[in-house]
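Source file: coords13.pdb; contents: PDB, C-alpha atoms.
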```pdb
ATOM      1  CA  MET A   1       0.000   0.000   0.000
ATOM      2  CA  LEU A   2       1.225   3.489  -0.757
ATOM      3  CA  LEU A   3       0.571   6.895   0.787
ATOM      4  CA  ASP A   4       1.507  10.167  -0.875
ATOM      5  CA  LEU A   5       2.206  12.588   1.969
ATOM      6  CA  ARG A   6       1.995  15.541  -0.451
ATOM      7  CA  LEU A   7      -1.695  14.828  -0.984
ATOM      8  CA  LYS A   8      -2.765  13.689   2.458
ATOM      9  CA  ARG A   9      -2.546  15.534   5.744
ATOM     10  CA  THR A  10      -2.422  13.120   8.652
ATOM     11  CA  PRO A  11      -3.673  14.016  12.114
ATOM     12  CA  ARG A  12      -1.327  14.310  15.072
ATOM     13  CA  ALA A  13      -0.660  11.014  16.838
ATOM     14  CA  THR A  14      -2.252  10.854  20.276
ATOM     15  CA  LEU A  15      -2.304   8.085  22.849
ATOM     16  CA  PRO A  16      -4.995   7.167  25.372
ATOM     17  CA  ASP A  17      -4.367   8.033  29.022
ATOM     18  CA  GLY A  18      -1.875   5.708  30.667
ATOM     19  CA  PHE A  19       0.209   5.177  27.503
ATOM     20  CA  SER A  20       3.404   6.927  26.413
ATOM     21  CA  TRP A  21       5.868   7.012  23.521
ATOM     22  CA  VAL A  22       9.270   5.344  23.698
ATOM     23  CA  GLN A  23      11.667   6.950  21.247
ATOM     24  CA  TRP A  24      14.281   4.880  19.419
ATOM     25  CA  ASP A  25      17.818   4.570  20.610
ATOM     26  CA  ASN A  26      20.097   1.556  20.400
ATOM     27  CA  SER A  27      19.404   0.640  24.021
ATOM     28  CA  VAL A  28      15.800  -0.337  23.175
ATOM     29  CA  LEU A  29      16.598  -2.639  20.232
ATOM     30  CA  LEU A  30      16.046  -5.817  22.259
ATOM     31  CA  LYS A  31      12.769  -4.458  23.655
ATOM     32  CA  HIS A  32      11.548  -3.705  20.118
ATOM     33  CA  ALA A  33      12.463  -7.260  19.116
ATOM     34  CA  ALA A  34      10.672  -8.794  22.112
ATOM     35  CA  VAL A  35       7.517  -6.759  21.462
ATOM     36  CA  LYS A  36       7.625  -7.581  17.736
ATOM     37  CA  TYR A  37       7.862 -11.304  18.526
ATOM     38  CA  ALA A  38       5.003 -11.126  21.035
ATOM     39  CA  CYS A  39       2.868  -9.245  18.493
ATOM     40  CA  PHE A  40       3.432 -11.555  15.530
ATOM     41  CA  ARG A  41       4.261 -15.054  16.789
ATOM     42  CA  GLU A  42       0.634 -16.258  16.603
ATOM     43  CA  GLU A  43      -0.267 -14.274  13.486
ATOM     44  CA  PRO A  44      -0.361 -15.424   9.845
ATOM     45  CA  ASP A  45       2.587 -13.097   9.127
ATOM     46  CA  ALA A  46       4.816 -15.507  11.062
ATOM     47  CA  ALA A  47       3.968 -18.195   8.508
ATOM     48  CA  ILE A  48       5.123 -15.917   5.692
ATOM     49  CA  PHE A  49       8.150 -14.234   7.266
ATOM     50  CA  ARG A  50      10.501 -16.679   8.965
ATOM     51  CA  SER A  51      12.072 -13.926  11.099
ATOM     52  CA  LEU A  52       8.768 -13.467  12.976
ATOM     53  CA  GLN A  53       8.632 -17.135  14.030
ATOM     54  CA  SER A  54      11.139 -16.825  16.872
ATOM     55  CA  ALA A  55      12.497 -14.354  19.388
ATOM     56  CA  GLU A  56      15.955 -14.798  17.846
ATOM     57  CA  GLY A  57      14.578 -14.129  14.365
ATOM     58  CA  CYS A  58      12.999 -10.896  15.598
ATOM     59  CA  ARG A  59      16.301  -9.862  17.229
ATOM     60  CA  ARG A  60      18.138 -10.434  13.940
ATOM     61  CA  LEU A  61      15.431  -8.556  12.036
ATOM     62  CA  LEU A  62      15.623  -5.544  14.362
ATOM     63  CA  HIS A  63      19.407  -5.589  14.214
ATOM     64  CA  ASP A  64      19.237  -5.593  10.394
ATOM     65  CA  ILE A  65      16.684  -2.761  10.338
ATOM     66  CA  ALA A  66      18.763  -0.631  12.730
ATOM     67  CA  ARG A  67      21.906  -1.207  10.632
ATOM     68  CA  HIS A  68      20.165  -0.480   7.321
ATOM     69  CA  ARG A  69      21.704   2.593   5.678
ATOM     70  CA  GLY A  70      18.223   4.093   5.329
ATOM     71  CA  PHE A  71      17.114   3.459   8.925
ATOM     72  CA  LEU A  72      15.105   6.413  10.271
ATOM     73  CA  PRO A  73      15.046   6.617  14.084
ATOM     74  CA  GLY A  74      12.360   9.335  13.956
ATOM     75  CA  THR A  75       9.923   6.854  12.374
ATOM     76  CA  THR A  76      10.673   4.086  14.862
ATOM     77  CA  TRP A  77       8.679   3.956  18.105
ATOM     78  CA  MET A  78       7.268   1.789  20.844
ATOM     79  CA  ILE A  79       4.275   2.385  23.078
ATOM     80  CA  ARG A  80       4.467   1.735  26.820
ATOM     81  CA  ARG A  81       1.506   1.300  29.122
ATOM     82  CA  SER A  82       2.229   2.847  32.504
ATOM     83  CA  SER A  83       1.981   0.784  35.656
ATOM     84  CA  GLY A  84      -1.205   1.172  37.602
ATOM     85  CA  GLU A  85      -4.442  -0.582  38.405
ATOM     86  CA  PHE A  86      -4.167  -2.725  35.244
ATOM     87  CA  GLY A  87      -0.725  -4.109  36.040
ATOM     88  CA  PRO A  88       2.958  -3.297  35.635
ATOM     89  CA  ALA A  89       4.409  -1.076  32.926
ATOM     90  CA  THR A  90       4.344  -2.957  29.626
ATOM     91  CA  MET A  91       5.732  -2.299  26.166
ATOM     92  CA  CYS A  92       2.728  -3.011  23.968
ATOM     93  CA  GLY A  93       3.390  -1.714  20.448
ATOM     94  CA  THR A  94       6.216  -1.284  17.946
ATOM     95  CA  ILE A  95       6.893   0.194  14.500
ATOM     96  CA  GLN A  96      10.055   0.820  12.494
ATOM     97  CA  GLY A  97      10.761   2.828   9.348
ATOM     98  CA  ILE A  98      13.462   3.044   6.719
ATOM     99  CA  ARG A  99      14.192   5.065   3.595
ATOM    100  CA  ASN A 100      14.559   2.674   0.666
ATOM    101  CA  ASP A 101      16.866   3.019  -2.334
ATOM    102  CA  SER A 102      14.180   4.840  -4.337
ATOM    103  CA  GLN A 103      13.855   7.475  -1.583
ATOM    104  CA  GLN A 104      10.474   6.245  -0.388
ATOM    105  CA  GLY A 105       9.597   5.559   3.204
ATOM    106  CA  ALA A 106       9.001   1.934   4.116
ATOM    107  CA  ILE A 107       7.082   1.014   7.253
ATOM    108  CA  GLN A 108       8.244  -2.204   8.876
ATOM    109  CA  ASN A 109       5.841  -4.358  10.905
ATOM    110  CA  VAL A 110       3.258  -2.312  12.789
ATOM    111  CA  GLY A 111       2.625  -4.510  15.828
ATOM    112  CA  ILE A 112       0.321  -4.253  18.853
ATOM    113  CA  LEU A 113       0.182  -6.948  21.539
ATOM    114  CA  PRO A 114      -3.111  -8.881  21.283
ATOM    115  CA  GLY A 115      -4.422  -7.685  24.662
ATOM    116  CA  PHE A 116      -4.024  -4.039  23.597
ATOM    117  CA  ARG A 117      -5.686  -4.170  20.183
ATOM    118  CA  GLY A 118      -8.791  -2.110  19.550
ATOM    119  CA  LEU A 119      -7.592   0.856  21.643
ATOM    120  CA  GLY A 120      -6.343   3.001  18.756
ATOM    121  CA  LEU A 121      -2.681   2.205  19.450
ATOM    122  CA  GLY A 122      -1.992   0.877  15.943
ATOM    123  CA  ARG A 123      -3.393   4.085  14.434
ATOM    124  CA  ALA A 124      -1.307   6.161  16.848
ATOM    125  CA  LEU A 125       1.891   4.261  15.936
ATOM    126  CA  LEU A 126       1.174   4.637  12.242
ATOM    127  CA  LEU A 127       0.516   8.381  12.525
ATOM    128  CA  LYS A 128       3.624   8.904  14.689
ATOM    129  CA  SER A 129       5.774   7.101  12.136
ATOM    130  CA  LEU A 130       4.238   9.012   9.203
ATOM    131  CA  SER A 131       5.054  12.265  10.991
ATOM    132  CA  GLY A 132       8.679  11.140  11.185
ATOM    133  CA  PHE A 133       8.751  10.362   7.459
ATOM    134  CA  ARG A 134       7.322  13.811   6.739
ATOM    135  CA  LEU A 135      10.015  15.448   8.927
ATOM    136  CA  GLU A 136      12.642  13.528   6.932
ATOM    137  CA  GLY A 137      11.294  15.144   3.757
ATOM    138  CA  LEU A 138       9.900  11.951   2.273
ATOM    139  CA  THR A 139       6.758  12.314   0.211
ATOM    140  CA  ARG A 140       5.761   8.689  -0.348
ATOM    141  CA  VAL A 141       5.509   5.880   2.183
ATOM    142  CA  TYR A 142       4.620   2.275   1.542
ATOM    143  CA  LEU A 143       4.017  -0.859   3.554
ATOM    144  CA  GLU A 144       3.003  -4.456   3.006
ATOM    145  CA  VAL A 145       0.135  -6.119   4.792
ATOM    146  CA  THR A 146      -1.175  -9.668   4.709
ATOM    147  CA  ALA A 147      -4.354  -9.589   2.623
ATOM    148  CA  THR A 148      -6.291 -11.589   5.230
ATOM    149  CA  ASN A 149      -5.536  -9.007   7.935
ATOM    150  CA  HIS A 150      -8.752  -7.075   7.364
ATOM    151  CA  ALA A 151      -8.397  -4.865  10.454
ATOM    152  CA  ALA A 152      -4.945  -3.676   9.349
ATOM    153  CA  LEU A 153      -6.128  -3.092   5.777
ATOM    154  CA  ALA A 154      -9.029  -0.990   7.059
ATOM    155  CA  LEU A 155      -6.696   1.008   9.313
ATOM    156  CA  TYR A 156      -4.226   1.754   6.521
ATOM    157  CA  GLN A 157      -6.963   2.696   4.071
ATOM    158  CA  SER A 158      -8.614   4.970   6.660
ATOM    159  CA  VAL A 159      -5.347   6.923   6.935
ATOM    160  CA  GLY A 160      -5.142   7.257   3.142
ATOM    161  CA  PHE A 161      -3.040   4.320   1.942
ATOM    162  CA  GLU A 162      -4.037   2.790  -1.382
ATOM    163  CA  ILE A 163      -3.440  -0.714  -2.664
ATOM    164  CA  VAL A 164      -0.917  -0.573  -5.490
ATOM    165  CA  ASP A 165       0.239  -4.163  -5.878
ATOM    166  CA  MET A 166      -0.476  -7.727  -4.810
ATOM    167  CA  ARG A 167       2.378 -10.132  -4.131
ATOM    168  CA  TYR A 168       2.256 -13.801  -3.305
ATOM    169  CA  ARG A 169       4.701 -15.257  -0.829
ATOM    170  CA  PRO A 170       5.159 -18.895   0.099
ATOM    171  CA  VAL A 171       4.344 -19.865   3.645
ATOM    172  CA  VAL A 172       7.381 -21.106   5.583
ATOM    173  CA  GLY A 173       6.851 -23.925   8.082
ATOM    174  CA  GLU A 174       3.369 -24.531   9.393
ATOM    175  CA  HIS A 175       0.761 -21.946   8.570
ATOM    176  CA  VAL A 176      -0.261 -20.394  11.882
ATOM    177  CA  GLY A 177      -3.801 -21.278  12.812
ATOM    178  CA  THR A 178      -4.403 -23.846  10.043
ATOM    179  CA  GLY A 179      -1.767 -26.549  10.434
ATOM    180  CA  SER A 180      -1.419 -26.729   6.636
ATOM    181  CA  HIS A 181       1.887 -26.680   4.765
ATOM    182  CA  ASN A 182       3.001 -24.988   1.555
ATOM    183  CA  VAL A 183       0.054 -22.610   1.524
ATOM    184  CA  ARG A 184       0.575 -19.315  -0.264
ATOM    185  CA  ASP A 185      -0.634 -16.117   1.282
ATOM    186  CA  GLU A 186      -1.148 -12.724  -0.253
ATOM    187  CA  ALA A 187       0.691  -9.607   0.799
ATOM    188  CA  VAL A 188      -0.915  -6.373  -0.274
ATOM    189  CA  VAL A 189       1.432  -3.496  -0.960
ATOM    190  CA  VAL A 190      -0.224  -0.303   0.128
ATOM    191  CA  GLN A 191       0.782   3.304  -0.201
ATOM    192  CA  PRO A 192      -0.970   6.568   0.700
ATOM    193  CA  ARG A 193      -3.591   8.119  -1.571
TER     194      ARG A 193
END
```
As C-alpha cells, how would this structure be written, given the file I've shared?
Amino acid sequence: MLLDLRLKRTPRATLPDGFSWVQWDNSVLLKHAAVKYACFREEPDAAIFRSLQSAEGCRRLLHDIARHRGFLPGTTWMIRRSSGEFGPATMCGTIQGIRNDSQQGAIQNVGILPGFRGLGLGRALLLKSLSGFRLEGLTRVYLEVTATNHAALALYQSVGFEIVDMRYRPVVGEHVGTGSHNVRDEAVVVQPR
C-alpha cells in the first residue's frame, strides 16, 4: 500500500491516558524485538516471514533494520503502558521505518500486543511514524500487509493508503492457525492516496 504525503494531511498522533511514547535509541533494540515477537508469533505473518517465528529471528530482524543505511530513528517507536491498576508497565506496540533506495519511506511491521488491540494504538503508531517520514522530507511511504488481515487493511486505508500491488509469498513452516503446509498467502502493498 502506498501513501503520498503531499496529498494527504495526517492528524497528530495521540495516545490514550496511561500510555506513552518510547523513542528509538540503540538501548531499546532488544525491547523492540521482544515486542515484535510477542505481536506476531501467533499471526499469519509468522507463517510468511521466517524472522517473525522466533524471538531470535525478531532480534536479527531488528538488528538488520537498525543497521540499514536508510534506517530512520524518527519513524521508529514503541508504546508503553504505565503501571497502575491494570498491572505493571508494559511495552505493547512497535513500529520501524526506513528510507529505501528509491527514496520512499518503508514502514516495517506495525505490531500491537493482542491484549491491547482495539484501543487506537496501531493508528497512533502509524501516525507517529508518518510524521517522522514527513520530517525527513519523504513524500511517499509504503508498507506491506497480509491480505487476510482485514483490520490492518481498514486502518491503513482509513489513513489514506491505497493498494498498489499484490504479491504472493510462500508460507514457511506450518501456517499459523491452520496446520497446513506450503500454503501461499497474499501480501498487499499499500501506499498513501
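For the point (7.4, -7.7, 18.4) in file coordinates, the residues within 9 Å, using only C-alpha atoms, are Lys31, His32, Ala33, Ala34, Val35, Lys36, Tyr37, Ala38, Cys39, Phe40, Arg41, Leu52, Ala55, Cys58, Cys92, Gly93, Thr94, Ile95, Asn109, Val110, Gly111, Ile112 and Leu113 of chain A.
When all atoms listed in the file are used to measure the gap to Met91 in chain A, the shortest distance among A:Ile48, A:Val22, A:Ile107, A:Leu155 belongs to A:Val22.
Of the listed residues (A:Arg167, A:Leu153, A:Leu5, A:Glu43), A:Leu5 comes nearest to Leu135 in chain A; the distances count all atoms listed in the file.
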First collect every listed atom of range 74-78 of chain A; then fit an axis-aligned box around them, widen it by 8 Å on each side, and give centre and edge lengths in Å to one decimal, as lines of an AutoDock Vina configuration file.
```
center_x = 9.8
center_y = 5.6
center_z = 16.6
size_x = 21.1
size_y = 23.5
size_z = 24.5
```
Atomic separation - CA of Arg81 in chain A relative to CA of Ala106 in chain A, Å:
26.1 Å
Neighbour list for range 60-70 of chain A as a PyMOL selection string, cut-off 8 Å, all atoms listed in the file, skip fewer than 3 positions in-chain
chain A and resi 29-30+32-33+51+56-57+96+98-101
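A straight line drawn from CA of Arg9 in chain A to CA of Leu125 in chain A is 15.8 Å long.
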Taking 2 positions as the minimum chain separation for residues in the same chain, which residues sit within 10 Å of Pro16 in chain A when counting only C-alpha atoms? Answer as a compact mmCIF listing (two decimals) with C-alpha atoms, keeping the file's coordinate frame.
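Output file out06.txt is given in full below:
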```txt
# COMPACT_ATOMS: atom_id res chain seq x y z
CA THR A 14 -2.25 10.85 20.28
CA GLY A 18 -1.88 5.71 30.67
CA PHE A 19 0.21 5.18 27.50
CA SER A 20 3.40 6.93 26.41
CA ARG A 81 1.51 1.30 29.12
CA LEU A 119 -7.59 0.86 21.64
CA GLY A 120 -6.34 3.00 18.76
CA LEU A 121 -2.68 2.20 19.45
CA ALA A 124 -1.31 6.16 16.85
```
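Distances from A:Arg59, A:Gln53, A:Asp17, A:Gln103 to Leu138 in chain A were compared using only C-alpha atoms, and the smallest one belongs to A:Gln103.
The two atoms in question, CA of Ala13 in chain A and CA of Arg123 in chain A, are spaced 7.8 Å apart.
The smallest atom-to-atom distance between Val145 in chain A and any of A:Trp77, A:Phe116, A:Phe49, A:Trp24, using all atoms listed in the file, is found for A:Phe49.
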Expand the PyMOL selection byres ((chain A and resi 105) around 10) into the individual residues it matches in the shown file, reporting them as a PyMOL selection string.
chain A and resi 2-3+70-72+75+97-104+106-108+129-130+132-134+136-143+191
Please evaluate the PyMOL selection byres ((chain A and resi 158) around 12) against the structure above and give the resulting residues as a ChimeraX atom specification.
/A:1,3,8,10-11,123,126-127,151-157,159-162,190-193
Between A:Arg6, A:Arg50, A:Arg117, A:Lys128, smallest distance to Trp21 in chain A by all atoms listed in the file belongs to A:Lys128
Missing atoms in range 124-144 of chain A should be modelled up to N, CA and C atoms and reported as a PDB file, keeping the file's coordinate frame.
```pdb
ATOM      1  N   ALA A 124      -2.246   5.194  16.268  1.00  0.00           N
ATOM      2  CA  ALA A 124      -1.307   6.161  16.848  1.00  0.00           C
ATOM      3  C   ALA A 124       0.119   5.883  16.378  1.00  0.00           C
ATOM      4  N   LEU A 125       0.542   4.610  16.410  1.00  0.00           N
ATOM      5  CA  LEU A 125       1.891   4.261  15.936  1.00  0.00           C
ATOM      6  C   LEU A 125       2.074   4.650  14.474  1.00  0.00           C
ATOM      7  N   LEU A 126       1.097   4.328  13.663  1.00  0.00           N
ATOM      8  CA  LEU A 126       1.174   4.637  12.242  1.00  0.00           C
ATOM      9  C   LEU A 126       1.301   6.144  12.020  1.00  0.00           C
ATOM     10  N   LEU A 127       0.468   6.926  12.683  1.00  0.00           N
ATOM     11  CA  LEU A 127       0.516   8.381  12.525  1.00  0.00           C
ATOM     12  C   LEU A 127       1.831   8.961  13.035  1.00  0.00           C
ATOM     13  N   LYS A 128       2.341   8.434  14.146  1.00  0.00           N
ATOM     14  CA  LYS A 128       3.624   8.904  14.689  1.00  0.00           C
ATOM     15  C   LYS A 128       4.747   8.631  13.694  1.00  0.00           C
ATOM     16  N   SER A 129       4.750   7.451  13.113  1.00  0.00           N
ATOM     17  CA  SER A 129       5.774   7.101  12.136  1.00  0.00           C
ATOM     18  C   SER A 129       5.652   7.966  10.881  1.00  0.00           C
ATOM     19  N   LEU A 130       4.436   8.172  10.385  1.00  0.00           N
ATOM     20  CA  LEU A 130       4.238   9.012   9.203  1.00  0.00           C
ATOM     21  C   LEU A 130       4.730  10.431   9.441  1.00  0.00           C
ATOM     22  N   SER A 131       4.533  10.942  10.643  1.00  0.00           N
ATOM     23  CA  SER A 131       5.054  12.265  10.991  1.00  0.00           C
ATOM     24  C   SER A 131       6.573  12.295  10.868  1.00  0.00           C
ATOM     25  N   GLY A 132       7.226  11.227  11.306  1.00  0.00           N
ATOM     26  CA  GLY A 132       8.679  11.140  11.185  1.00  0.00           C
ATOM     27  C   GLY A 132       9.137  11.107   9.739  1.00  0.00           C
ATOM     28  N   PHE A 133       8.409  10.378   8.884  1.00  0.00           N
ATOM     29  CA  PHE A 133       8.751  10.362   7.459  1.00  0.00           C
ATOM     30  C   PHE A 133       8.610  11.759   6.860  1.00  0.00           C
ATOM     31  N   ARG A 134       7.544  12.456   7.244  1.00  0.00           N
ATOM     32  CA  ARG A 134       7.322  13.811   6.739  1.00  0.00           C
ATOM     33  C   ARG A 134       8.471  14.728   7.173  1.00  0.00           C
ATOM     34  N   LEU A 135       8.898  14.627   8.435  1.00  0.00           N
ATOM     35  CA  LEU A 135      10.015  15.448   8.927  1.00  0.00           C
ATOM     36  C   LEU A 135      11.319  15.143   8.194  1.00  0.00           C
ATOM     37  N   GLU A 136      11.451  13.919   7.706  1.00  0.00           N
ATOM     38  CA  GLU A 136      12.642  13.528   6.932  1.00  0.00           C
ATOM     39  C   GLU A 136      12.567  14.014   5.485  1.00  0.00           C
ATOM     40  N   GLY A 137      11.445  14.627   5.113  1.00  0.00           N
ATOM     41  CA  GLY A 137      11.294  15.144   3.757  1.00  0.00           C
ATOM     42  C   GLY A 137      10.819  14.125   2.737  1.00  0.00           C
ATOM     43  N   LEU A 138      10.393  12.965   3.201  1.00  0.00           N
ATOM     44  CA  LEU A 138       9.900  11.951   2.273  1.00  0.00           C
ATOM     45  C   LEU A 138       8.452  12.254   1.906  1.00  0.00           C
ATOM     46  N   THR A 139       8.106  11.998   0.674  1.00  0.00           N
ATOM     47  CA  THR A 139       6.758  12.314   0.211  1.00  0.00           C
ATOM     48  C   THR A 139       5.896  11.082  -0.024  1.00  0.00           C
ATOM     49  N   ARG A 140       6.520   9.924  -0.121  1.00  0.00           N
ATOM     50  CA  ARG A 140       5.761   8.689  -0.348  1.00  0.00           C
ATOM     51  C   ARG A 140       6.216   7.635   0.649  1.00  0.00           C
ATOM     52  N   VAL A 141       5.239   6.928   1.195  1.00  0.00           N
ATOM     53  CA  VAL A 141       5.509   5.880   2.183  1.00  0.00           C
ATOM     54  C   VAL A 141       4.708   4.650   1.767  1.00  0.00           C
ATOM     55  N   TYR A 142       5.343   3.498   1.862  1.00  0.00           N
ATOM     56  CA  TYR A 142       4.620   2.275   1.542  1.00  0.00           C
ATOM     57  C   TYR A 142       4.785   1.263   2.666  1.00  0.00           C
ATOM     58  N   LEU A 143       3.937   0.262   2.624  1.00  0.00           N
ATOM     59  CA  LEU A 143       4.017  -0.859   3.554  1.00  0.00           C
ATOM     60  C   LEU A 143       3.381  -2.062   2.892  1.00  0.00           C
ATOM     61  N   GLU A 144       3.655  -3.226   3.445  1.00  0.00           N
ATOM     62  CA  GLU A 144       3.003  -4.456   3.006  1.00  0.00           C
ATOM     63  C   GLU A 144       2.146  -4.963   4.152  1.00  0.00           C
TER      64      GLU A 144
END
```
